[in-house]
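Colleague: Okay, handing you the structure first.
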There are 4 protein chains.
Amino acid sequence: MRNLAKQPGDGQRREFVLTLACDDKPGLTAAVTGTLADNEGNILDAQQYRDPLSLRFFMRIVFELTTGAEVERIRADLPQAMNATGLDWRIRPAARPRRVLMMVSRYDHCLADLLYRHRTGELNMEVAGIVSNHPRSVFDTGLLGDLPFHHLPIAKGRKHEQEQQVRRIIADTGAELVVLARYMQILSDDFAADLRGMCINIHHSFLPAFKGGRPYQQAFARGVKMIGATAHYVTADLDEGPIIAQDVEHIDHADSPQELVRKGRDIERRVLASAVRYHLEDRVLLSGDRKTVVFA
Amino acid sequence: MRNLAKQPGDGQRREFVLTLACDDKPGLTAAVTGTLADNEGNILDAQQYRDPLSLRFFMRIVFELTTGAEVERIRADLPQAMNATGLDWRIRPAARPRRVLMMVSRYDHCLADLLYRHRTGELNMEVAGIVSNHPRSVFDTGLLGDLPFHHLPIAKGRKHEQEQQVRRIIADTGAELVVLARYMQILSDDFAADLRGMCINIHHSFLPAFKGGRPYQQAFARGVKMIGATAHYVTADLDEGPIIAQDVEHIDHADSPQELVRKGRDIERRVLASAVRYHLEDRVLLSGDRKTVVFA
Amino acid sequence: MRNLAKQPGDGQRREFVLTLACDDKPGLTAAVTGTLADNEGNILDAQQYRDPLSLRFFMRIVFELTTGAEVERIRADLPQAMNATGLDWRIRPAARPRRVLMMVSRYDHCLADLLYRHRTGELNMEVAGIVSNHPRSVFDTGLLGDLPFHHLPIAKGRKHEQEQQVRRIIADTGAELVVLARYMQILSDDFAADLRGMCINIHHSFLPAFKGGRPYQQAFARGVKMIGATAHYVTADLDEGPIIAQDVEHIDHADSPQELVRKGRDIERRVLASAVRYHLEDRVLLSGDRKTVVFA
Amino acid sequence: MRNLAKQPGDGQRREFVLTLACDDKPGLTAAVTGTLADNEGNILDAQQYRDPLSLRFFMRIVFELTTGAEVERIRADLPQAMNATGLDWRIRPAARPRRVLMMVSRYDHCLADLLYRHRTGELNMEVAGIVSNHPRSVFDTGLLGDLPFHHLPIAKGRKHEQEQQVRRIIADTGAELVVLARYMQILSDDFAADLRGMCINIHHSFLPAFKGGRPYQQAFARGVKMIGATAHYVTADLDEGPIIAQDVEHIDHADSPQELVRKGRDIERRVLASAVRYHLEDRVLLSGDRKTVVFA
């Protein structure tokens with residue numbers, strides 16, 4: 001299907017997404033909404049959260065500007081209006097698609113799902129390219145179309161070199177998000193650290209259960225009655241990154257490991273698609289090193 | 001179990017819930033949050049929604065007042081600060097329990113569940129009494145304890161008289177919410193109209209499927225693969241009231257109508273409890289005559 | 001991805017699926033399992049159900065034959081061993097893929113999903129072709145690959161002619177199942193009747209709620225808190241055919257009709273894929289004109 | 001509510017449940033069903049499963065006897081008809097309630113739920129008594145009614161003595177099942193071993209995630225997006241017993257540990273009730289030391 005979906009923010013409507021985090025204090029919401037009102041920003045949606053442990057304040061506001069108003073004035077006024085410590089904020093035009101680099105190994109169900117959702121207009125992104133440690137011939141050609149494909153195998157002991165190539169693609173394409181769509185290689189600590197908050201992985205278990213390899217076999221061996229998947233930001237600490245989305249399904253004793261793999265594919269692609277969509281819509285904020293705030 | 005749960009808002013913390021609906025226009029959020037900030041109200045949670053069809057604006061804000069500040073000043077300032085048409089608003093202390101009248105017929109699983117949740121502190125309410133068209137002896141005495149019980153049968157053609165008795169109990173106890181916890185009598189149009197927005201019913205189907213009587217038998221006859229329950233505000237238009245909460249479960253061909261009834265009990269009590277809790281926490285706003293906004 | 005999945009029943013293992021329905025009487029299970037045992041059939045899985053209203057007995061048995069044994073002997077012995085009235089039965093080799101004709105209109109998410117699952121080996125079928133009332137250019141070429149595509153528009157008042165063309169394709173390809181994968185045309189009564197039990201449709205609501213057109217708009221207007229999809233066999237009685245699978249998801253007031261459509265796509269493709277898989281694995285038996293027995 | 005539910009197997013209908021496990025070989029199903037047919041047993045429901053790793057065969061059959069037929073003849077014929085190694089089997093009258101001992105600490109939501117389901121007739125059991133390490137005064141008297149209550153605190157270093165008392169109650173009452181309904185004490189290895197397959201515990205996490213204490217706090221700290229509960233048979237290896245049932249619910253960043261506890265209560269009581277019902281209906285068979293076969 002051609003992309004029939006109307007893209008949001010098509011010139012007439014100028015929608016923006018403001019996300020921010022800072023140390024909590026009274027009056028923050030009023031300061032933000034007042035700044036928007038003073039600069040002709042009309043709030044369409046607003047969500048906020050105060051973490052009771054870290055005492056950090058998180059906010060996401062979708063607003064539109066009336067004709068003639070300038071978002072730069074909001075950008076200029078906001079920090080002093082808030083006068084908050086530890087302030088981290090950004091304003092993005094809601095309509096602008098972000099460039100996304102996909103990385104995949106042999107199993108392409110998650111990749112296929114993301115590409116299909118892209119075509120239906122559900123994911124507001126541009127595909128910067130596809131990186132695989134397997135050759136293009138492994139994949140269905142209809143799936144890949146004429147997207148830039150990079151076969152970057154990892155020679156023994158030379159992961160660093162391959163990652164340099166990936167870094168170059170990210171730099172060249174201006175990719176703002178990297179999605180590990182069942183990419184079965186572990187990123188080096190350096191690379192993981194550099195991709196902080198901009199690299200999403202799908203793990204095929206309901207973490208923290210069944211960390212590490214072959215989770216469906218682990219699940220079968222343990223005799224659990226449900227399996228799941230977890231989408232999380234990649235960190236150097238494997239399978240410990242901040243969780244964005246999770247889901248599960250019921251299974252029973254008669255489900256073989258192969259059947260678990262089949263059922264798991266559906267959960268994985270659903271969970272990863274949710275996490276990527278949340279990220280692209282600026283709904284996910286990091287809360288410390290291990291948690292996320294997701295304004296769903 | 002005795003009520004071990006800490007009640008919110010216990011004197012030191014003074015939390016309030018502001019709910020409002022009005023015709024949409026720019027600057028509403030800033031006007032509300034500014035009014036709160038000007039009067040030492042610190043926003044703890046805020047949600048809003050603009051209905052794209054009716055162009056009505058809905059908002060729920062939880063705020064706390066610093067010591068010495070007075071909620072009456074907010075009450076005084078808010079309407080003029082907003083200057084909105086069709087404004088409907090209220091501010092309630094979050095801690096004050098509301099008085100609730102329960103009505104029940106023979107099946108008491110929903111009643112039992114609500115009373116248990118009350119005891120655990122999950123539902124911030126006082127039970128104003130229990131009305132049934134069946135005598136007290138039908139029910140387990142442990143369940144009812146020493147709650148005021150009113151046996152109000154409906155003599156043929158004399159529903160009006162019985163409803164007068166219920167109205168009197170509502171007036172005498174100051175009940176602010178009436179819960180039809182599997183009360184198998186249809187309220188008269190007058191009574192339903194007078195209870196607009198303050199009477200919640202549980203219907204044992206996923207409305208609008210299987211309106212009317214014996215929904216589990218209807219579901220069995222139709223061969224659906226899931227059953228459900230719906231909690232809604234009562235209106236004169238039977239089974240058409242604004243829906244607050246719904247849920248379903250999967251069934252299969254082997255489930256007899258009796259088995260559906262058993263599975264349904266779990267869904268009914270879960271859905272009704274959610275709807276009552278949302279109402280008691282001021283999370284439900286009426287949106288026209290047929291819909292709700294639920295800030296969950 | 002190339003079809004990497006190992007197909008079941010690859011020569012060494014000879015698995016068969018026996019399905020049957022008949023009027024209930026004592027000893028049926030023993031008669032069937034005895035016949036299998038006498039002819040060297042080893043039972044791998046067995047499920048049965050007796051409908052308490054119609055007193056019909058339903059059974060599905062997966063068995064394998066030891067080397068040298070012949071399934072024809074079982075076929076010959078079974079009817080007399082059972083000696084049952086209203087007996088309807090068949091034995092199929094589990095490994096043989098069935099030929100499936102897909103019909104689709106403009107929205108191709110269900111088609112794309114089925115084709116992908118076919119490629120992963122999850123659906124044991126051969127695609128006999130794709131019929132659409134829209135031209136091939138409407139669809140993504142990567143999706144269709146070199147599958148036979150038939151553009152069969154319906155000229156005003158000439159549905160009968162178009163259906164004749166579809167009938168011819170079914171006959172020519174030996175299609176054993178027709179899947180209406182969001183085919184937005186109503187089959188004529190004749191055609192629906194002729195396809196009894198071999199044509200699966202996906203309806204985008206949790207039937208019997210929101211029959212007819214534009215169910216997501218109906219759902220939005222009614223203010224329900226969940227949406228769903230229903231896969232059913234096609235009958236002349238529109239939206240009343242025997243239901244095979246259903247599923248739902250929670251929504252809230254903020255979901256626009258467009259958002260419901262997006263969420264609905266996921267439910268539709270999941271539900272249709274389940275129903276098609278159940279059918280292909282001989283797990284679905286018709287129970288009268290309106291219900292199914294699904295041995296999941 | 002008084003127990004209004006009709007008990008199954010009320011004299012006229014004589015239903016039995018046969019459960020068995022043995023090493024797999026061809027013809028087992030035919031041998032069992034043939035034995036039943038030869039002795040006037042009419043099969044109402046039958047399920048079977050062959051574990052592909054252990055090559056064990058599991059079966060559950062519900063059958064009824066025609067008037068005059070004797071179940072003892074089936075009991076006599078079955079072992080030789082099957083001639084199977086490692087055979088473990090039993091036949092129980094479906095209607096006979098089993099005696100169940102409940103053990104509970106401070107949190108009584110699971111206990112309350114089980115007792116309520118007992119009163120509605122959903123759980124076919126007799127309550128042999130309630131054991132708690134807390135005094136009766138901790139609990140709501142309406143809940144306990146006149147059920148035998150044993151306050152058995154555990155003095156420091158004297159767990160063995162308390163367990164002796166529990167053993168005596170089990171012996172005296174003939175309890176066939178012990179349910180740890182949020183009993184926050186760890187059984188000694190000896191006691192756990194002696195209760196193999198007849199003691200069900202509810203753990204408040206989706207095992208194997210968050211083993212050990214305070215799982216909701218662990219879940220909050222890790223930032224997972226769902227919480228769950230697990231019902232399992234008790235073994236000496238804590239939190240590693242064979243799982244019978246699990247379920248989860250979605251949560252988000254705004255759910256405090258207290259909110260998780262509230263949501264968790266609903267999951268816990270639902271999961272434990274399912275597991276107890278499956279056990280009472282002879283639907284659960286142990287498969288080795290760590291897994292179960294549940295014919296749901």
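Ordering of the structure tokens sets the chain letters (A, B, ...); residue numbers start at 1 within each chain; ligands are numbered from 1 in the order shown.
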Taking 4 positions as the minimum chain separation for residues in the same chain, which residues sit within 7 Å of Lys291 in chain A when counting only C-alpha atoms? Answer as a CSV table (one decimal) with all heavy atoms, in the first residue's frame.
Modeller:
```
chain,number,residue,atom,x,y,z
A,242,PRO,N,16.7,0.7,30.6
A,242,PRO,CA,15.3,1.2,31.0
A,242,PRO,C,14.2,0.6,30.1
A,242,PRO,O,14.3,0.7,28.9
A,242,PRO,CB,15.5,2.7,30.8
A,242,PRO,CG,16.9,3.0,30.9
A,242,PRO,CD,17.6,1.8,30.3
A,243,ILE,N,13.2,0.0,30.7
A,243,ILE,CA,12.2,-0.7,30.0
A,243,ILE,C,11.2,0.4,29.4
A,243,ILE,O,10.7,1.3,30.2
A,243,ILE,CB,11.5,-1.7,30.8
A,243,ILE,CG1,12.4,-2.8,31.2
A,243,ILE,CG2,10.2,-2.2,30.2
A,243,ILE,CD1,11.9,-3.8,32.2
A,286,LEU,N,13.7,9.4,29.9
A,286,LEU,CA,14.5,8.7,30.8
A,286,LEU,C,14.4,9.2,32.3
A,286,LEU,O,14.4,10.4,32.5
A,286,LEU,CB,16.0,8.7,30.4
A,286,LEU,CG,16.3,7.8,29.2
A,286,LEU,CD1,17.7,8.1,28.7
A,286,LEU,CD2,16.3,6.3,29.6
A,287,SER,N,14.3,8.3,33.2
A,287,SER,CA,14.2,8.6,34.6
A,287,SER,C,15.3,7.9,35.3
A,287,SER,O,15.2,6.8,35.7
A,287,SER,CB,12.8,8.2,35.2
A,287,SER,OG,12.8,8.4,36.6
D,222,ARG,N,12.9,-1.8,39.5
D,222,ARG,CA,13.4,-2.2,38.2
D,222,ARG,C,12.7,-1.4,37.1
D,222,ARG,O,13.2,-1.3,35.9
D,222,ARG,CB,13.2,-3.7,38.0
D,222,ARG,CG,13.6,-4.2,36.6
D,222,ARG,CD,15.1,-4.0,36.4
D,222,ARG,NE,15.5,-4.3,35.0
D,222,ARG,CZ,15.5,-3.4,34.0
D,222,ARG,NH1,15.1,-2.2,34.2
D,222,ARG,NH2,15.9,-3.8,32.8
D,223,GLY,N,11.5,-0.9,37.4
D,223,GLY,CA,10.8,-0.1,36.3
D,223,GLY,C,10.1,-1.0,35.3
D,223,GLY,O,10.0,-0.6,34.1
```
Colleague: Gly68 in chain D: which residues within 12 Å, counting only C-alpha atoms, same-chain residues fewer than 2 positions away excluded, as a PDB file with N, CA, C and O atoms, in the first residue's frame?
Modeller:
```pdb
ATOM      1  N   GLN D  12     -28.143 -39.177  40.922  1.00  0.00           N
ATOM      2  CA  GLN D  12     -28.564 -39.699  39.618  1.00  0.00           C
ATOM      3  C   GLN D  12     -27.352 -39.832  38.692  1.00  0.00           C
ATOM      4  O   GLN D  12     -27.080 -40.906  38.172  1.00  0.00           O
ATOM      5  N   ARG D  13     -26.656 -38.705  38.480  1.00  0.00           N
ATOM      6  CA  ARG D  13     -25.489 -38.746  37.604  1.00  0.00           C
ATOM      7  C   ARG D  13     -24.284 -39.170  38.417  1.00  0.00           C
ATOM      8  O   ARG D  13     -24.007 -38.601  39.460  1.00  0.00           O
ATOM      9  N   ARG D  14     -23.571 -40.164  37.960  1.00  0.00           N
ATOM     10  CA  ARG D  14     -22.383 -40.591  38.677  1.00  0.00           C
ATOM     11  C   ARG D  14     -21.172 -40.316  37.809  1.00  0.00           C
ATOM     12  O   ARG D  14     -20.829 -41.123  36.954  1.00  0.00           O
ATOM     13  N   ASN D  39     -16.827 -51.325  30.388  1.00  0.00           N
ATOM     14  CA  ASN D  39     -17.431 -51.324  31.723  1.00  0.00           C
ATOM     15  C   ASN D  39     -18.517 -50.248  31.859  1.00  0.00           C
ATOM     16  O   ASN D  39     -18.755 -49.732  32.950  1.00  0.00           O
ATOM     17  N   GLU D  40     -19.131 -49.906  30.714  1.00  0.00           N
ATOM     18  CA  GLU D  40     -20.275 -48.995  30.706  1.00  0.00           C
ATOM     19  C   GLU D  40     -19.945 -47.595  31.198  1.00  0.00           C
ATOM     20  O   GLU D  40     -20.793 -46.908  31.769  1.00  0.00           O
ATOM     21  N   GLY D  41     -18.688 -47.185  30.964  1.00  0.00           N
ATOM     22  CA  GLY D  41     -18.317 -45.803  31.267  1.00  0.00           C
ATOM     23  C   GLY D  41     -18.418 -44.954  30.007  1.00  0.00           C
ATOM     24  O   GLY D  41     -17.786 -45.266  29.001  1.00  0.00           O
ATOM     25  N   GLU D  64     -19.067 -40.900  32.900  1.00  0.00           N
ATOM     26  CA  GLU D  64     -20.177 -41.237  33.794  1.00  0.00           C
ATOM     27  C   GLU D  64     -20.520 -42.709  33.617  1.00  0.00           C
ATOM     28  O   GLU D  64     -20.325 -43.283  32.546  1.00  0.00           O
ATOM     29  N   LEU D  65     -21.010 -43.286  34.686  1.00  0.00           N
ATOM     30  CA  LEU D  65     -21.360 -44.701  34.657  1.00  0.00           C
ATOM     31  C   LEU D  65     -22.866 -44.836  34.485  1.00  0.00           C
ATOM     32  O   LEU D  65     -23.636 -44.083  35.084  1.00  0.00           O
ATOM     33  N   THR D  66     -23.266 -45.778  33.664  1.00  0.00           N
ATOM     34  CA  THR D  66     -24.702 -46.072  33.563  1.00  0.00           C
ATOM     35  C   THR D  66     -25.146 -46.776  34.843  1.00  0.00           C
ATOM     36  O   THR D  66     -24.336 -47.336  35.577  1.00  0.00           O
ATOM     37  N   GLU D  70     -20.288 -50.614  37.882  1.00  0.00           N
ATOM     38  CA  GLU D  70     -19.479 -50.394  39.075  1.00  0.00           C
ATOM     39  C   GLU D  70     -18.093 -49.878  38.715  1.00  0.00           C
ATOM     40  O   GLU D  70     -17.394 -50.475  37.893  1.00  0.00           O
ATOM     41  N   VAL D  71     -17.716 -48.803  39.390  1.00  0.00           N
ATOM     42  CA  VAL D  71     -16.419 -48.204  39.089  1.00  0.00           C
ATOM     43  C   VAL D  71     -15.282 -49.140  39.506  1.00  0.00           C
ATOM     44  O   VAL D  71     -14.177 -49.089  38.961  1.00  0.00           O
ATOM     45  N   GLU D  72     -15.543 -50.021  40.455  1.00  0.00           N
ATOM     46  CA  GLU D  72     -14.484 -50.926  40.902  1.00  0.00           C
ATOM     47  C   GLU D  72     -14.002 -51.844  39.792  1.00  0.00           C
ATOM     48  O   GLU D  72     -12.830 -52.239  39.752  1.00  0.00           O
ATOM     49  N   ARG D  73     -14.887 -52.171  38.888  1.00  0.00           N
ATOM     50  CA  ARG D  73     -14.466 -53.026  37.772  1.00  0.00           C
ATOM     51  C   ARG D  73     -13.475 -52.298  36.876  1.00  0.00           C
ATOM     52  O   ARG D  73     -12.512 -52.879  36.380  1.00  0.00           O
TER      53      ARG D  73
END
```
Colleague: When DSSP works through the backbone of this structure, what residues of range 163-222 of chain D end up as strand (DSSP E or B), shown as a compact mmCIF listing (two decimals) with C-alpha atoms, in the first residue's frame?
Modeller:
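Okay, selection_17.txt is ready:
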```txt
# COMPACT_ATOMS: atom_id res chain seq x y z
CA LEU D 177 -4.95 -29.90 50.09
CA VAL D 178 -3.14 -27.10 51.90
CA VAL D 179 -3.44 -23.60 50.45
CA LEU D 180 -0.91 -20.96 51.45
CA CYS D 199 0.23 -27.66 48.85
CA ILE D 200 -0.37 -24.58 46.69
CA ASN D 201 1.30 -21.24 47.32
CA ILE D 202 0.65 -17.84 45.77
CA HIS D 203 3.75 -15.79 45.02
```
Colleague: Listing only residues of chain C within 6 Å of chain B, what is the closest atom pair and its distance in Å (to one decimal) for each, using only C-alpha atoms, sorted by chain and residue number ascending, as JSON lines?
Modeller:
```
{"residue": "C:Pro208", "atom": "CA", "partner": "B:Ala209", "partner_atom": "CA", "distance": 5.6}
{"residue": "C:Ala209", "atom": "CA", "partner": "B:Ala209", "partner_atom": "CA", "distance": 4.5}
{"residue": "C:Gly223", "atom": "CA", "partner": "B:Lys291", "partner_atom": "CA", "distance": 5.1}
{"residue": "C:Lys225", "atom": "CA", "partner": "B:Gln246", "partner_atom": "CA", "distance": 5.9}
{"residue": "C:Gln246", "atom": "CA", "partner": "B:Lys225", "partner_atom": "CA", "distance": 5.9}
{"residue": "C:His253", "atom": "CA", "partner": "B:Val293", "partner_atom": "CA", "distance": 5.5}
{"residue": "C:Lys291", "atom": "CA", "partner": "B:Gly223", "partner_atom": "CA", "distance": 5.1}
{"residue": "C:Val293", "atom": "CA", "partner": "B:His253", "partner_atom": "CA", "distance": 5.5}
```
Colleague: Leaving out Glu163 in chain B and any residue of its chain fewer than 5 positions from it, which residues lie within 9 Å of it when counting only C-alpha atoms, given as number ranges by chain?
Modeller: B: 152, 154, 158, 168, 187-188, 191
Colleague: Give me, as a list in words, all polymer residues having an atom no more than 8 Å from range 137-149 of chain D, counting only C-alpha atoms and skipping those fewer than 5 positions away in the same chain.
Modeller: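 The filter keeps Met1, Arg2, Thr141, Gly142, Leu143 and Gly145 of chain B; Arg106, Asp108, Ala112, Leu115, Val127, Ala128, Gly129, Ile130, Val131 and Ser132 of chain D.
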Colleague: Go ahead and write the residues just picked, N, CA and C atoms, as a tab-separated table (two decimals), in the first residue's frame.
Modeller:
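Result file selection_10.tsv:
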```
chain	number	residue	atom	x	y	z
B	1	MET	N	-10.31	-8.35	57.70
B	1	MET	CA	-9.17	-7.49	58.04
B	1	MET	C	-9.68	-6.11	58.43
B	2	ARG	N	-9.14	-5.58	59.46
B	2	ARG	CA	-9.44	-4.19	59.79
B	2	ARG	C	-8.88	-3.29	58.69
B	141	THR	N	-24.63	-13.38	56.56
B	141	THR	CA	-24.63	-12.33	57.58
B	141	THR	C	-23.23	-11.76	57.81
B	142	GLY	N	-22.23	-12.59	57.63
B	142	GLY	CA	-20.86	-12.09	57.78
B	142	GLY	C	-20.56	-10.98	56.80
B	143	LEU	N	-21.16	-11.10	55.65
B	143	LEU	CA	-20.95	-10.11	54.61
B	143	LEU	C	-21.52	-8.75	55.01
B	145	GLY	N	-22.52	-7.64	58.00
B	145	GLY	CA	-22.09	-7.05	59.28
B	145	GLY	C	-23.23	-6.24	59.87
D	106	ARG	N	-1.06	-12.03	57.62
D	106	ARG	CA	-1.82	-10.81	57.89
D	106	ARG	C	-2.78	-10.43	56.76
D	108	ASP	N	-5.40	-10.85	54.07
D	108	ASP	CA	-6.41	-11.90	53.93
D	108	ASP	C	-7.22	-11.80	52.64
D	112	ALA	N	-10.14	-14.38	51.78
D	112	ALA	CA	-11.52	-13.90	51.63
D	112	ALA	C	-12.09	-14.31	50.29
D	115	LEU	N	-12.88	-18.09	50.25
D	115	LEU	CA	-14.06	-18.42	51.05
D	115	LEU	C	-15.33	-17.96	50.35
D	127	VAL	N	-13.96	-26.63	53.91
D	127	VAL	CA	-12.85	-25.95	54.57
D	127	VAL	C	-12.52	-26.69	55.86
D	128	ALA	N	-11.37	-27.34	55.88
D	128	ALA	CA	-10.98	-28.13	57.05
D	128	ALA	C	-10.57	-27.23	58.20
D	129	GLY	N	-10.20	-26.01	57.89
D	129	GLY	CA	-9.81	-25.08	58.94
D	129	GLY	C	-8.90	-24.00	58.39
D	130	ILE	N	-8.64	-23.03	59.25
D	130	ILE	CA	-7.77	-21.93	58.88
D	130	ILE	C	-6.66	-21.84	59.91
D	131	VAL	N	-5.43	-21.84	59.43
D	131	VAL	CA	-4.27	-21.71	60.31
D	131	VAL	C	-3.62	-20.36	60.05
D	132	SER	N	-3.31	-19.65	61.12
D	132	SER	CA	-2.59	-18.39	60.94
D	132	SER	C	-1.54	-18.23	62.03
```
Colleague: Which residue is closest to Ala193 in chain D? Choose from D:Thr120, D:Thr33, D:Thr173, D:Thr235 and count only C-alpha atoms.
Modeller: D:Thr235
Colleague: Using only C-alpha atoms, which protein or nucleic acid residues come within 8 Å of Leu87 in chain A? Drop anything in the same chain fewer than 3 positions from it, and give the result as a ChimeraX atom specification.
Modeller: /A:20-23,79,84
